[in-house]
>>> print(open('target_25.pdb').read())   # PDB, C-alpha atoms and all ligand atoms
ATOM      1  CA  MET A   1     -27.366 -36.238 -49.520
ATOM      2  CA  LEU A   2     -26.284 -39.403 -51.324
ATOM      3  CA  LYS A   3     -24.696 -38.946 -54.716
ATOM      4  CA  MET A   4     -24.882 -40.781 -58.018
ATOM      5  CA  ARG A   5     -23.066 -40.787 -61.335
ATOM      6  CA  ALA A   6     -24.721 -39.470 -64.481
ATOM      7  CA  MET A   7     -23.502 -39.010 -68.042
ATOM      8  CA  GLN A   8     -25.098 -35.710 -68.968
ATOM      9  CA  VAL A   9     -25.152 -33.699 -72.170
ATOM     10  CA  PRO A  10     -24.365 -30.085 -71.132
ATOM     11  CA  ARG A  11     -25.698 -28.384 -74.287
ATOM     12  CA  PRO A  12     -26.912 -29.308 -77.777
ATOM     13  CA  GLY A  13     -23.988 -30.943 -79.576
ATOM     14  CA  GLY A  14     -21.865 -30.922 -76.419
ATOM     15  CA  PRO A  15     -19.810 -33.877 -75.176
ATOM     16  CA  PHE A  16     -20.989 -36.370 -72.579
ATOM     17  CA  GLU A  17     -19.884 -35.282 -69.101
ATOM     18  CA  LEU A  18     -19.520 -37.654 -66.173
ATOM     19  CA  VAL A  19     -21.007 -35.725 -63.255
ATOM     20  CA  GLU A  20     -21.936 -36.400 -59.669
ATOM     21  CA  ARG A  21     -25.496 -35.475 -58.796
ATOM     22  CA  ASP A  22     -27.776 -35.807 -55.790
ATOM     23  CA  ILE A  23     -29.858 -38.966 -55.986
ATOM     24  CA  PRO A  24     -33.340 -37.632 -56.851
ATOM     25  CA  ASP A  25     -36.499 -38.450 -54.878
ATOM     26  CA  PRO A  26     -39.642 -39.521 -56.736
ATOM     27  CA  GLY A  27     -42.592 -37.116 -56.672
ATOM     28  CA  ALA A  28     -46.260 -38.087 -56.612
ATOM     29  CA  GLY A  29     -47.086 -40.690 -59.255
ATOM     30  CA  SER A  30     -43.423 -41.537 -59.875
ATOM     31  CA  VAL A  31     -40.854 -44.093 -58.786
ATOM     32  CA  ARG A  32     -37.077 -44.069 -58.559
ATOM     33  CA  ILE A  33     -35.284 -46.786 -60.535
ATOM     34  CA  LYS A  34     -31.826 -47.974 -59.597
ATOM     35  CA  VAL A  35     -30.536 -48.411 -63.150
ATOM     36  CA  GLN A  36     -28.745 -51.657 -64.017
ATOM     37  CA  ALA A  37     -28.553 -51.330 -67.789
ATOM     38  CA  CYS A  38     -29.501 -48.766 -70.417
ATOM     39  CA  GLY A  39     -29.364 -49.296 -74.148
ATOM     40  CA  ILE A  40     -27.917 -46.664 -76.463
ATOM     41  CA  CYS A  41     -30.434 -45.922 -79.191
ATOM     42  CA  HIS A  42     -30.007 -43.851 -82.346
ATOM     43  CA  SER A  43     -32.776 -41.579 -81.061
ATOM     44  CA  ASP A  44     -30.480 -40.565 -78.194
ATOM     45  CA  SER A  45     -28.840 -38.357 -80.818
ATOM     46  CA  LEU A  46     -31.918 -36.091 -80.653
ATOM     47  CA  THR A  47     -30.848 -35.172 -77.125
ATOM     48  CA  LYS A  48     -27.105 -35.406 -77.690
ATOM     49  CA  GLU A  49     -27.032 -33.297 -80.840
ATOM     50  CA  GLY A  50     -30.002 -31.047 -80.008
ATOM     51  CA  HIS A  51     -32.085 -32.167 -82.978
ATOM     52  CA  MET A  52     -35.375 -31.783 -81.142
ATOM     53  CA  PRO A  53     -36.646 -28.332 -80.166
ATOM     54  CA  GLY A  54     -37.518 -27.522 -76.563
ATOM     55  CA  ILE A  55     -35.073 -29.824 -74.746
ATOM     56  CA  SER A  56     -33.660 -28.210 -71.599
ATOM     57  CA  TYR A  57     -29.992 -28.850 -70.796
ATOM     58  CA  PRO A  58     -28.074 -30.343 -69.140
ATOM     59  CA  ARG A  59     -29.963 -33.522 -69.976
ATOM     60  CA  VAL A  60     -29.231 -37.213 -69.330
ATOM     61  CA  PRO A  61     -30.263 -39.349 -72.333
ATOM     62  CA  GLY A  62     -31.331 -42.988 -72.337
ATOM     63  CA  HIS A  63     -34.731 -44.590 -72.982
ATOM     64  CA  GLU A  64     -33.873 -48.303 -72.885
ATOM     65  CA  VAL A  65     -33.731 -48.466 -69.100
ATOM     66  CA  VAL A  66     -33.864 -51.589 -66.946
ATOM     67  CA  GLY A  67     -33.359 -51.672 -63.192
ATOM     68  CA  ILE A  68     -34.919 -52.087 -59.782
ATOM     69  CA  VAL A  69     -37.609 -49.873 -58.279
ATOM     70  CA  ASP A  70     -35.997 -48.532 -55.138
ATOM     71  CA  ALA A  71     -38.340 -45.751 -53.960
ATOM     72  CA  VAL A  72     -42.012 -45.132 -54.643
ATOM     73  CA  GLY A  73     -43.701 -41.702 -54.630
ATOM     74  CA  ALA A  74     -47.131 -40.840 -53.229
ATOM     75  CA  GLY A  75     -50.163 -42.270 -54.976
ATOM     76  CA  VAL A  76     -48.371 -45.000 -56.932
ATOM     77  CA  ALA A  77     -50.357 -48.249 -57.156
ATOM     78  CA  GLY A  78     -48.955 -51.581 -58.255
ATOM     79  CA  TRP A  79     -45.236 -50.953 -57.766
ATOM     80  CA  MET A  80     -43.070 -51.623 -54.745
ATOM     81  CA  PRO A  81     -39.366 -51.304 -53.961
ATOM     82  CA  GLY A  82     -37.427 -54.355 -55.083
ATOM     83  CA  GLN A  83     -39.432 -55.027 -58.254
ATOM     84  CA  ARG A  84     -37.670 -55.101 -61.608
ATOM     85  CA  ALA A  85     -38.845 -52.437 -64.037
ATOM     86  CA  GLY A  86     -38.208 -51.315 -67.598
ATOM     87  CA  LEU A  87     -38.676 -47.809 -68.974
ATOM     88  CA  GLY A  88     -38.822 -46.891 -72.652
ATOM     89  CA  TRP A  89     -39.296 -43.903 -74.963
ATOM     90  CA  ASN A  90     -42.882 -43.271 -73.832
ATOM     91  CA  GLY A  91     -42.426 -41.625 -70.443
ATOM     92  CA  GLY A  92     -46.097 -41.649 -69.495
ATOM     93  CA  TYR A  93     -49.460 -40.079 -70.354
ATOM     94  CA  CYS A  94     -52.249 -38.190 -68.610
ATOM     95  CA  GLY A  95     -55.084 -40.704 -69.019
ATOM     96  CA  HIS A  96     -57.798 -38.023 -69.332
ATOM     97  CA  CYS A  97     -57.255 -36.153 -72.613
ATOM     98  CA  ASP A  98     -59.344 -37.120 -75.638
ATOM     99  CA  ASN A  99     -56.580 -39.207 -77.224
ATOM    100  CA  CYS A 100     -55.951 -41.106 -73.982
ATOM    101  CA  ARG A 101     -59.692 -41.658 -73.534
ATOM    102  CA  ARG A 102     -59.769 -43.214 -77.003
ATOM    103  CA  GLY A 103     -56.943 -45.547 -75.995
ATOM    104  CA  ASN A 104     -54.268 -43.724 -77.991
ATOM    105  CA  PHE A 105     -52.058 -43.165 -74.957
ATOM    106  CA  PHE A 106     -48.953 -42.767 -77.110
ATOM    107  CA  ALA A 107     -50.480 -39.595 -78.561
ATOM    108  CA  CYS A 108     -51.391 -38.008 -75.212
ATOM    109  CA  GLN A 109     -52.248 -34.354 -75.868
ATOM    110  CA  THR A 110     -51.760 -32.775 -72.469
ATOM    111  CA  ALA A 111     -48.357 -34.049 -71.459
ATOM    112  CA  THR A 112     -45.571 -35.209 -73.708
ATOM    113  CA  TYR A 113     -43.295 -37.306 -71.538
ATOM    114  CA  ILE A 114     -40.281 -38.686 -73.394
ATOM    115  CA  THR A 115     -37.651 -40.481 -71.366
ATOM    116  CA  GLY A 116     -34.218 -38.931 -71.754
ATOM    117  CA  VAL A 117     -35.683 -36.038 -73.744
ATOM    118  CA  THR A 118     -38.228 -34.206 -71.573
ATOM    119  CA  SER A 119     -36.779 -35.781 -68.406
ATOM    120  CA  ASP A 120     -33.446 -37.327 -67.465
ATOM    121  CA  GLY A 121     -33.080 -40.899 -68.670
ATOM    122  CA  GLY A 122     -31.031 -43.970 -67.998
ATOM    123  CA  TYR A 123     -27.391 -42.951 -68.562
ATOM    124  CA  ALA A 124     -27.100 -42.714 -64.763
ATOM    125  CA  ASP A 125     -27.135 -44.742 -61.557
ATOM    126  CA  TYR A 126     -30.724 -43.666 -60.834
ATOM    127  CA  THR A 127     -33.608 -42.213 -62.784
ATOM    128  CA  ILE A 128     -37.146 -41.074 -61.988
ATOM    129  CA  ALA A 129     -40.062 -42.533 -63.942
ATOM    130  CA  ARG A 130     -43.806 -42.039 -63.964
ATOM    131  CA  ALA A 131     -45.507 -45.211 -62.787
ATOM    132  CA  GLU A 132     -47.665 -45.682 -65.898
ATOM    133  CA  ALA A 133     -44.484 -45.781 -67.994
ATOM    134  CA  LEU A 134     -43.109 -48.894 -66.273
ATOM    135  CA  ALA A 135     -43.008 -52.411 -67.708
ATOM    136  CA  ARG A 136     -42.539 -55.534 -65.614
ATOM    137  CA  VAL A 137     -39.308 -57.375 -66.409
ATOM    138  CA  PRO A 138     -39.390 -61.187 -66.280
ATOM    139  CA  ASP A 139     -36.769 -63.034 -64.204
ATOM    140  CA  GLU A 140     -35.593 -64.944 -67.269
ATOM    141  CA  LEU A 141     -34.091 -61.817 -68.851
ATOM    142  CA  SER A 142     -30.900 -60.208 -67.594
ATOM    143  CA  ALA A 143     -30.904 -56.405 -67.419
ATOM    144  CA  VAL A 144     -28.555 -56.277 -70.426
ATOM    145  CA  ASP A 145     -30.812 -58.642 -72.383
ATOM    146  CA  ALA A 146     -33.929 -56.658 -71.533
ATOM    147  CA  ALA A 147     -32.631 -53.119 -72.136
ATOM    148  CA  PRO A 148     -32.605 -53.043 -75.962
ATOM    149  CA  LEU A 149     -36.055 -54.617 -75.988
ATOM    150  CA  MET A 150     -37.397 -51.422 -74.359
ATOM    151  CA  CYS A 151     -37.041 -49.511 -77.644
ATOM    152  CA  ALA A 152     -35.614 -51.554 -80.523
ATOM    153  CA  GLY A 153     -37.581 -54.590 -79.339
ATOM    154  CA  ILE A 154     -40.962 -53.011 -78.669
ATOM    155  CA  THR A 155     -40.773 -51.011 -81.894
ATOM    156  CA  THR A 156     -40.226 -54.044 -84.120
ATOM    157  CA  PHE A 157     -42.432 -56.507 -82.209
ATOM    158  CA  ASN A 158     -45.367 -54.154 -81.692
ATOM    159  CA  CYS A 159     -45.235 -52.994 -85.298
ATOM    160  CA  LEU A 160     -45.174 -56.546 -86.659
ATOM    161  CA  ARG A 161     -47.965 -57.835 -84.448
ATOM    162  CA  LYS A 162     -50.217 -54.868 -85.292
ATOM    163  CA  SER A 163     -49.296 -54.801 -88.995
ATOM    164  CA  GLY A 164     -52.219 -56.927 -90.115
ATOM    165  CA  ALA A 165     -49.952 -59.761 -91.318
ATOM    166  CA  ARG A 166     -50.989 -63.211 -90.125
ATOM    167  CA  PRO A 167     -48.981 -66.398 -89.560
ATOM    168  CA  GLY A 168     -47.834 -67.798 -92.886
ATOM    169  CA  ASP A 169     -47.912 -64.403 -94.628
ATOM    170  CA  LEU A 170     -44.868 -63.149 -96.493
ATOM    171  CA  VAL A 171     -43.189 -60.448 -94.390
ATOM    172  CA  ALA A 172     -39.934 -58.749 -95.329
ATOM    173  CA  VAL A 173     -37.566 -57.045 -92.940
ATOM    174  CA  LEU A 174     -35.612 -54.309 -94.698
ATOM    175  CA  GLY A 175     -32.250 -53.813 -93.018
ATOM    176  CA  LEU A 176     -30.283 -56.039 -90.657
ATOM    177  CA  GLY A 177     -28.983 -53.608 -88.032
ATOM    178  CA  GLY A 178     -30.069 -52.866 -84.471
ATOM    179  CA  LEU A 179     -33.773 -52.892 -85.335
ATOM    180  CA  GLY A 180     -33.628 -55.412 -88.164
ATOM    181  CA  HIS A 181     -31.794 -58.150 -86.295
ATOM    182  CA  LEU A 182     -34.624 -58.111 -83.744
ATOM    183  CA  GLY A 183     -37.305 -57.687 -86.406
ATOM    184  CA  VAL A 184     -36.285 -60.874 -88.213
ATOM    185  CA  GLN A 185     -36.353 -62.865 -84.979
ATOM    186  CA  PHE A 186     -39.802 -61.580 -84.020
ATOM    187  CA  ALA A 187     -41.180 -62.053 -87.543
ATOM    188  CA  SER A 188     -39.971 -65.607 -87.734
ATOM    189  CA  LYS A 189     -41.174 -66.528 -84.239
ATOM    190  CA  ILE A 190     -44.605 -64.994 -84.896
ATOM    191  CA  GLY A 191     -44.818 -67.397 -87.831
ATOM    192  CA  PHE A 192     -44.371 -65.228 -90.888
ATOM    193  CA  ARG A 193     -42.535 -66.406 -94.003
ATOM    194  CA  THR A 194     -39.747 -64.019 -93.177
ATOM    195  CA  VAL A 195     -37.528 -62.456 -95.822
ATOM    196  CA  VAL A 196     -34.533 -60.318 -94.939
ATOM    197  CA  ILE A 197     -33.397 -57.641 -97.401
ATOM    198  CA  ALA A 198     -29.930 -56.253 -96.736
ATOM    199  CA  ARG A 199     -26.807 -55.195 -98.578
ATOM    200  CA  GLY A 200     -24.163 -57.800 -99.303
ATOM    201  CA  GLN A 201     -24.015 -61.573 -99.419
ATOM    202  CA  ASP A 202     -22.068 -61.747 -96.151
ATOM    203  CA  LYS A 203     -25.195 -61.086 -94.075
ATOM    204  CA  GLU A 204     -27.140 -64.075 -95.413
ATOM    205  CA  ALA A 205     -25.819 -66.597 -92.892
ATOM    206  CA  LEU A 206     -26.618 -64.308 -89.992
ATOM    207  CA  ALA A 207     -30.100 -63.570 -91.353
ATOM    208  CA  LYS A 208     -30.823 -67.292 -91.705
ATOM    209  CA  SER A 209     -29.479 -68.022 -88.222
ATOM    210  CA  LEU A 210     -31.888 -65.411 -86.832
ATOM    211  CA  GLY A 211     -34.823 -67.141 -88.519
ATOM    212  CA  ALA A 212     -35.013 -65.743 -92.050
ATOM    213  CA  TRP A 213     -36.662 -68.082 -94.557
ATOM    214  CA  ARG A 214     -35.174 -66.258 -97.562
ATOM    215  CA  TYR A 215     -32.463 -63.636 -97.983
ATOM    216  CA  ILE A 216     -32.313 -60.935-100.663
ATOM    217  CA  ASP A 217     -29.029 -59.151-101.321
ATOM    218  CA  SER A 218     -30.185 -55.710-102.467
ATOM    219  CA  ARG A 219     -26.772 -55.002-104.025
ATOM    220  CA  ALA A 220     -26.979 -57.967-106.382
ATOM    221  CA  GLN A 221     -30.731 -58.372-106.796
ATOM    222  CA  ASP A 222     -33.789 -56.172-107.293
ATOM    223  CA  PRO A 223     -35.607 -56.616-103.977
ATOM    224  CA  ALA A 224     -38.992 -55.680-105.434
ATOM    225  CA  ALA A 225     -38.730 -58.270-108.203
ATOM    226  CA  GLU A 226     -37.490 -60.944-105.797
ATOM    227  CA  LEU A 227     -40.405 -60.302-103.412
ATOM    228  CA  GLN A 228     -42.836 -60.560-106.317
ATOM    229  CA  LYS A 229     -41.363 -63.964-107.244
ATOM    230  CA  LEU A 230     -42.265 -65.071-103.719
ATOM    231  CA  GLY A 231     -45.845 -63.825-104.156
ATOM    232  CA  GLY A 232     -45.499 -60.231-102.916
ATOM    233  CA  ALA A 233     -45.113 -59.101 -99.323
ATOM    234  CA  LYS A 234     -48.064 -58.555 -97.038
ATOM    235  CA  VAL A 235     -45.819 -56.301 -94.974
ATOM    236  CA  VAL A 236     -42.373 -54.812 -95.355
ATOM    237  CA  LEU A 237     -40.889 -53.670 -92.050
ATOM    238  CA  ALA A 238     -38.643 -50.772 -93.061
ATOM    239  CA  THR A 239     -35.927 -50.447 -90.427
ATOM    240  CA  VAL A 240     -33.423 -48.550 -92.548
ATOM    241  CA  THR A 241     -33.052 -44.767 -92.510
ATOM    242  CA  ALA A 242     -32.564 -44.348 -96.264
ATOM    243  CA  GLY A 243     -35.653 -43.299 -98.193
ATOM    244  CA  ASP A 244     -34.316 -44.649-101.489
ATOM    245  CA  ALA A 245     -33.931 -48.134 -99.974
ATOM    246  CA  MET A 246     -37.558 -47.971 -98.844
ATOM    247  CA  ALA A 247     -38.740 -46.772-102.241
ATOM    248  CA  ALA A 248     -36.877 -49.655-103.890
ATOM    249  CA  VAL A 249     -38.991 -52.283-102.102
ATOM    250  CA  LEU A 250     -42.406 -50.686-102.651
ATOM    251  CA  GLY A 251     -42.833 -52.666-105.853
ATOM    252  CA  GLY A 252     -42.411 -55.850-103.819
ATOM    253  CA  LEU A 253     -45.661 -55.404-101.927
ATOM    254  CA  GLY A 254     -48.438 -57.869-102.612
ATOM    255  CA  VAL A 255     -52.078 -56.880-103.030
ATOM    256  CA  LYS A 256     -53.092 -54.641-100.095
ATOM    257  CA  GLY A 257     -49.556 -54.913 -98.798
ATOM    258  CA  THR A 258     -48.178 -52.285 -96.424
ATOM    259  CA  LEU A 259     -44.777 -50.686 -96.002
ATOM    260  CA  MET A 260     -44.490 -50.215 -92.235
ATOM    261  CA  VAL A 261     -42.000 -47.421 -91.553
ATOM    262  CA  ILE A 262     -40.025 -47.428 -88.305
ATOM    263  CA  GLY A 263     -36.720 -46.108 -89.685
ATOM    264  CA  ALA A 264     -36.597 -42.315 -89.386
ATOM    265  CA  ALA A 265     -35.718 -41.457 -92.981
ATOM    266  CA  MET A 266     -35.976 -37.754 -93.731
ATOM    267  CA  SER A 267     -37.295 -38.016 -97.281
ATOM    268  CA  MET A 268     -38.509 -40.559 -99.783
ATOM    269  CA  GLU A 269     -39.301 -40.236-103.449
ATOM    270  CA  LEU A 270     -42.019 -42.343-104.974
ATOM    271  CA  ALA A 271     -44.682 -42.267-107.634
ATOM    272  CA  PRO A 272     -48.015 -42.192-105.771
ATOM    273  CA  ALA A 273     -49.614 -43.821-108.818
ATOM    274  CA  GLN A 274     -47.606 -46.922-107.951
ATOM    275  CA  LEU A 275     -49.736 -47.355-104.813
ATOM    276  CA  ILE A 276     -53.061 -47.478-106.585
ATOM    277  CA  GLY A 277     -53.142 -50.680-108.627
ATOM    278  CA  GLY A 278     -52.342 -53.004-105.729
ATOM    279  CA  SER A 279     -54.064 -50.863-103.090
ATOM    280  CA  HIS A 280     -50.758 -50.501-101.280
ATOM    281  CA  ALA A 281     -50.183 -48.483 -98.131
ATOM    282  CA  ILE A 282     -47.286 -46.756 -96.431
ATOM    283  CA  LYS A 283     -47.735 -46.413 -92.708
ATOM    284  CA  GLY A 284     -45.631 -45.045 -89.877
ATOM    285  CA  TRP A 285     -45.486 -46.784 -86.529
ATOM    286  CA  TYR A 286     -44.947 -45.357 -83.041
ATOM    287  CA  SER A 287     -43.166 -47.847 -80.795
ATOM    288  CA  GLY A 288     -45.805 -48.241 -78.083
ATOM    289  CA  THR A 289     -46.436 -47.737 -74.386
ATOM    290  CA  SER A 290     -45.414 -49.645 -71.283
ATOM    291  CA  ILE A 291     -47.821 -52.542 -71.690
ATOM    292  CA  ASP A 292     -46.481 -53.092 -75.218
ATOM    293  CA  SER A 293     -42.957 -53.194 -73.781
ATOM    294  CA  GLN A 294     -44.108 -55.692 -71.191
ATOM    295  CA  ASP A 295     -45.646 -57.857 -73.936
ATOM    296  CA  THR A 296     -42.382 -57.603 -75.896
ATOM    297  CA  LEU A 297     -40.338 -58.805 -72.921
ATOM    298  CA  ALA A 298     -42.749 -61.679 -72.246
ATOM    299  CA  PHE A 299     -42.777 -62.775 -75.894
ATOM    300  CA  SER A 300     -38.995 -62.621 -76.028
ATOM    301  CA  VAL A 301     -38.785 -65.013 -73.094
ATOM    302  CA  LEU A 302     -41.392 -67.313 -74.626
ATOM    303  CA  ALA A 303     -39.822 -67.411 -78.089
ATOM    304  CA  GLY A 304     -36.146 -67.063 -77.194
ATOM    305  CA  VAL A 305     -35.675 -63.713 -78.920
ATOM    306  CA  ARG A 306     -32.544 -61.883 -77.782
ATOM    307  CA  SER A 307     -30.726 -58.743 -78.813
ATOM    308  CA  MET A 308     -27.036 -59.113 -79.701
ATOM    309  CA  ASN A 309     -25.231 -56.524 -77.620
ATOM    310  CA  GLU A 310     -21.921 -54.810 -77.057
ATOM    311  CA  VAL A 311     -21.662 -53.790 -73.413
ATOM    312  CA  PHE A 312     -19.945 -50.652 -72.079
ATOM    313  CA  PRO A 313     -19.633 -49.380 -68.511
ATOM    314  CA  LEU A 314     -21.586 -46.174 -67.861
ATOM    315  CA  GLU A 315     -18.432 -44.034 -67.905
ATOM    316  CA  GLN A 316     -17.789 -45.159 -71.489
ATOM    317  CA  ALA A 317     -21.048 -43.721 -72.833
ATOM    318  CA  THR A 318     -19.061 -41.686 -75.372
ATOM    319  CA  GLU A 319     -17.391 -44.799 -76.790
ATOM    320  CA  GLY A 320     -20.692 -46.677 -76.881
ATOM    321  CA  TYR A 321     -22.535 -43.764 -78.468
ATOM    322  CA  GLU A 322     -19.898 -43.276 -81.170
ATOM    323  CA  ARG A 323     -19.868 -46.975 -81.929
ATOM    324  CA  MET A 324     -23.652 -46.866 -82.326
ATOM    325  CA  LEU A 325     -23.486 -43.760 -84.551
ATOM    326  CA  SER A 326     -20.787 -45.310 -86.728
ATOM    327  CA  GLY A 327     -23.133 -48.180 -87.556
ATOM    328  CA  LYS A 328     -20.411 -50.666 -86.665
ATOM    329  CA  VAL A 329     -21.981 -51.880 -83.428
ATOM    330  CA  ARG A 330     -23.175 -55.516 -83.500
ATOM    331  CA  PHE A 331     -26.043 -54.879 -82.945
ATOM    332  CA  ARG A 332     -27.005 -52.758 -79.939
ATOM    333  CA  ALA A 333     -24.784 -50.929 -77.456
ATOM    334  CA  VAL A 334     -25.768 -51.238 -73.790
ATOM    335  CA  LEU A 335     -24.426 -49.312 -70.784
ATOM    336  CA  THR A 336     -24.142 -51.017 -67.411
ATOM    337  CA  THR A 337     -23.857 -49.380 -63.987
ATOM    338  CA  GLY A 338     -22.583 -52.366 -62.013
ATOM    339  CA  HIS A 339     -25.714 -52.442 -59.785
TER     340      HIS A 339
HETATM  341 ZN    ZN A 401     -34.984 -45.679 -79.124
HETATM  342 ZN    ZN A 402     -53.486 -37.830 -72.360
END
>>> encode(input="target_25.pdb", output="C-alpha cells")
Amino acid sequence: MLKMRAMQVPRPGGPFELVERDIPDPGAGSVRIKVQACGICHSDSLTKEGHMPGISYPRVPGHEVVGIVDAVGAGVAGWMPGQRAGLGWNGGYCGHCDNCRRGNFFACQTATYITGVTSDGGYADYTIARAEALARVPDELSAVDAAPLMCAGITTFNCLRKSGARPGDLVAVLGLGGLGHLGVQFASKIGFRTVVIARGQDKEALAKSLGAWRYIDSRAQDPAAELQKLGGAKVVLATVTAGDAMAAVLGGLGVKGTLMVIGAAMSMELAPAQLIGGSHAIKGWYSGTSIDSQDTLAFSVLAGVRSMNEVFPLEQATEGYERMLSGKVRFRAVLTTGH
C-alpha cells in the first residue's frame, strides 16, 4: 500500500501531528485529489480546537484545496484523472431532499458534507472528494493562487454578486484582512463605488492599491457618518469578527441598504428600531457550492483578482495555522505539498 503524509488533529484542541497514512481509494461518486495547495482558513479552528460538535478524530482539516484528480470512483460523470480540481467548505449534497430540489444545495438536509470537518480535508498529500463538490480550476491560476479563492474568495465574491448591489452602487467592505483584501478587489472589479473601512491610516494605501475608491479609518472617523456623506451604502460587506465594529457601520446604510455578514461574530448589540426608518436589513451569507467556486475562479482570472499569500510547506501547518490565528498573516496562509 502506498503511503502519504497528512497533518492530522488527534483530538479537540490537540496539536497537529505529521502522520503517514495509506493513500485512500475513492468510493462510488467520489474522486481522489492529489493535493498541490491548501489554504489555511480561520474556520479550520473549528476542527483544530473542537468548536463544532460531532467531529470524529483524528481529523485532517483544510477546505481550500486545489490539486489534480488522480483516481475516479464508480459512477462519477464529468471528471477524469489529470484534470485540475478545487474543493471548498461545501463537501457535497444529496440532490434529492426538499432543499436541494429547491436549488438550495448549500442547505442539503439529508447529508451535511463539510470538507475537513465531516471528512478529511486538504492538509495532506491526497484527499477524497465527492464529485459534485469539485470546481474546475483554470490554467491561468497557480494552485497557490487558486487555493484561498476556494473559501475566502467564493465567500466574498458570491456574497457581493448576490447582495443586490449593482454597478455604480456604494458598497463598503468592513475589514481589510484575509476576507476583506479579496472583498475590496471583487467589489471594485464588479464596478461598485468601493469603500474600505479599517482601523488605522496605514492601511489606506493598500486599500487604494486593491481598488478602493475611498478609505475610512474607523479609529479616526465615524464610519457611519462618513458613509452617509457619500450617500449611504447599498451594501456593507462585514468581514470582521467583532460585533461592535459591525454595529458601528449600521448607521451608514442607505435606504434599503443591507449589512451582509460573513464574519463569524458571536454577538452584536443594536437597536432594532434603527433598522425601521431606512428599511435596512442584516443578512448572513453562506459561501456557496462548487459552481460558485468555479465562477469565482473564472472571474478572478478575468478581472485579475489575486489573494496575497504566505506559503508554508505541509509539514509547517502548525506555523501557518498560528500565523493565521495571530492575525498577522498577510493575508492568507497556504500550505503546499510539492506535487
Ligand atoms: Zn474557510
Ligand atoms: Zn439534499
>>> residues_near_ligand(input="target_25.pdb", ligand="ligand ZN 401 (chain A)", cutoff="7 Å", atoms="all atoms listed in the file", output="PDB file with C-alpha atoms, in the frame of the given file")
ATOM      1  CA  CYS A  41     -30.434 -45.922 -79.191  1.00  0.00           C
ATOM      2  CA  HIS A  42     -30.007 -43.851 -82.346  1.00  0.00           C
ATOM      3  CA  SER A  43     -32.776 -41.579 -81.061  1.00  0.00           C
ATOM      4  CA  ASP A  44     -30.480 -40.565 -78.194  1.00  0.00           C
ATOM      5  CA  HIS A  63     -34.731 -44.590 -72.982  1.00  0.00           C
ATOM      6  CA  GLU A  64     -33.873 -48.303 -72.885  1.00  0.00           C
ATOM      7  CA  TRP A  89     -39.296 -43.903 -74.963  1.00  0.00           C
ATOM      8  CA  CYS A 151     -37.041 -49.511 -77.644  1.00  0.00           C
ATOM      9  CA  ALA A 152     -35.614 -51.554 -80.523  1.00  0.00           C
TER      10      ALA A 152
END
>>> resolve_selection(input="target_25.pdb", expression="the PyMOL selection byres (((chain A and resi 221-234) around 9) and not hetatm)", output="compact mmCIF listing (two decimals) with C-alpha atoms, in the frame of the given file")
# COMPACT_ATOMS: atom_id res chain seq x y z
CA SER A 163 -49.30 -54.80 -89.00
CA GLY A 164 -52.22 -56.93 -90.12
CA ALA A 165 -49.95 -59.76 -91.32
CA ARG A 166 -50.99 -63.21 -90.12
CA ASP A 169 -47.91 -64.40 -94.63
CA LEU A 170 -44.87 -63.15 -96.49
CA VAL A 171 -43.19 -60.45 -94.39
CA ALA A 172 -39.93 -58.75 -95.33
CA VAL A 195 -37.53 -62.46 -95.82
CA ILE A 197 -33.40 -57.64 -97.40
CA ILE A 216 -32.31 -60.94 -100.66
CA ASP A 217 -29.03 -59.15 -101.32
CA SER A 218 -30.18 -55.71 -102.47
CA ARG A 219 -26.77 -55.00 -104.02
CA ALA A 220 -26.98 -57.97 -106.38
CA VAL A 235 -45.82 -56.30 -94.97
CA VAL A 236 -42.37 -54.81 -95.36
CA ALA A 248 -36.88 -49.66 -103.89
CA VAL A 249 -38.99 -52.28 -102.10
CA LEU A 250 -42.41 -50.69 -102.65
CA GLY A 251 -42.83 -52.67 -105.85
CA GLY A 252 -42.41 -55.85 -103.82
CA LEU A 253 -45.66 -55.40 -101.93
CA GLY A 254 -48.44 -57.87 -102.61
CA VAL A 255 -52.08 -56.88 -103.03
CA LYS A 256 -53.09 -54.64 -100.10
CA GLY A 257 -49.56 -54.91 -98.80
CA THR A 258 -48.18 -52.28 -96.42
CA LEU A 259 -44.78 -50.69 -96.00
>>> closest_atom_pairs(input="target_25.pdb", of="chain A", to="ligand ZN 402 (chain A)", cutoff="6 Å", atoms="only C-alpha atoms and all ligand atoms", output="JSON lines")
{"residue": "A:Tyr93", "atom": "CA", "partner": "A:ZN402", "partner_atom": "ZN", "distance": 5.0}
{"residue": "A:Cys94", "atom": "CA", "partner": "A:ZN402", "partner_atom": "ZN", "distance": 4.0}
{"residue": "A:Gly95", "atom": "CA", "partner": "A:ZN402", "partner_atom": "ZN", "distance": 4.7}
{"residue": "A:His96", "atom": "CA", "partner": "A:ZN402", "partner_atom": "ZN", "distance": 5.3}
{"residue": "A:Cys97", "atom": "CA", "partner": "A:ZN402", "partner_atom": "ZN", "distance": 4.1}
{"residue": "A:Asn99", "atom": "CA", "partner": "A:ZN402", "partner_atom": "ZN", "distance": 5.9}
{"residue": "A:Cys100", "atom": "CA", "partner": "A:ZN402", "partner_atom": "ZN", "distance": 4.4}
{"residue": "A:Cys108", "atom": "CA", "partner": "A:ZN402", "partner_atom": "ZN", "distance": 3.5}
{"residue": "A:Gln109", "atom": "CA", "partner": "A:ZN402", "partner_atom": "ZN", "distance": 5.1}
{"residue": "A:Thr110", "atom": "CA", "partner": "A:ZN402", "partner_atom": "ZN", "distance": 5.3}
>>> residues_around(input="target_25.pdb", residues="A:Met80", least_positions_apart="6", cutoff="9 Å", atoms="all atoms listed in the file", output="MDAnalysis selection string")
chainID A and resid 31 69:72
>>> resolve_selection(input="target_25.pdb", expression="the PyMOL selection byres (((chain A and resi 65) around 6) and not hetatm)", output="CSV table (one decimal) with C-alpha atoms, keeping the file's coordinate frame")
chain,number,residue,atom,x,y,z
A,38,CYS,CA,-29.5,-48.8,-70.4
A,63,HIS,CA,-34.7,-44.6,-73.0
A,64,GLU,CA,-33.9,-48.3,-72.9
A,66,VAL,CA,-33.9,-51.6,-66.9
A,86,GLY,CA,-38.2,-51.3,-67.6
A,87,LEU,CA,-38.7,-47.8,-69.0
A,122,GLY,CA,-31.0,-44.0,-68.0
A,147,ALA,CA,-32.6,-53.1,-72.1
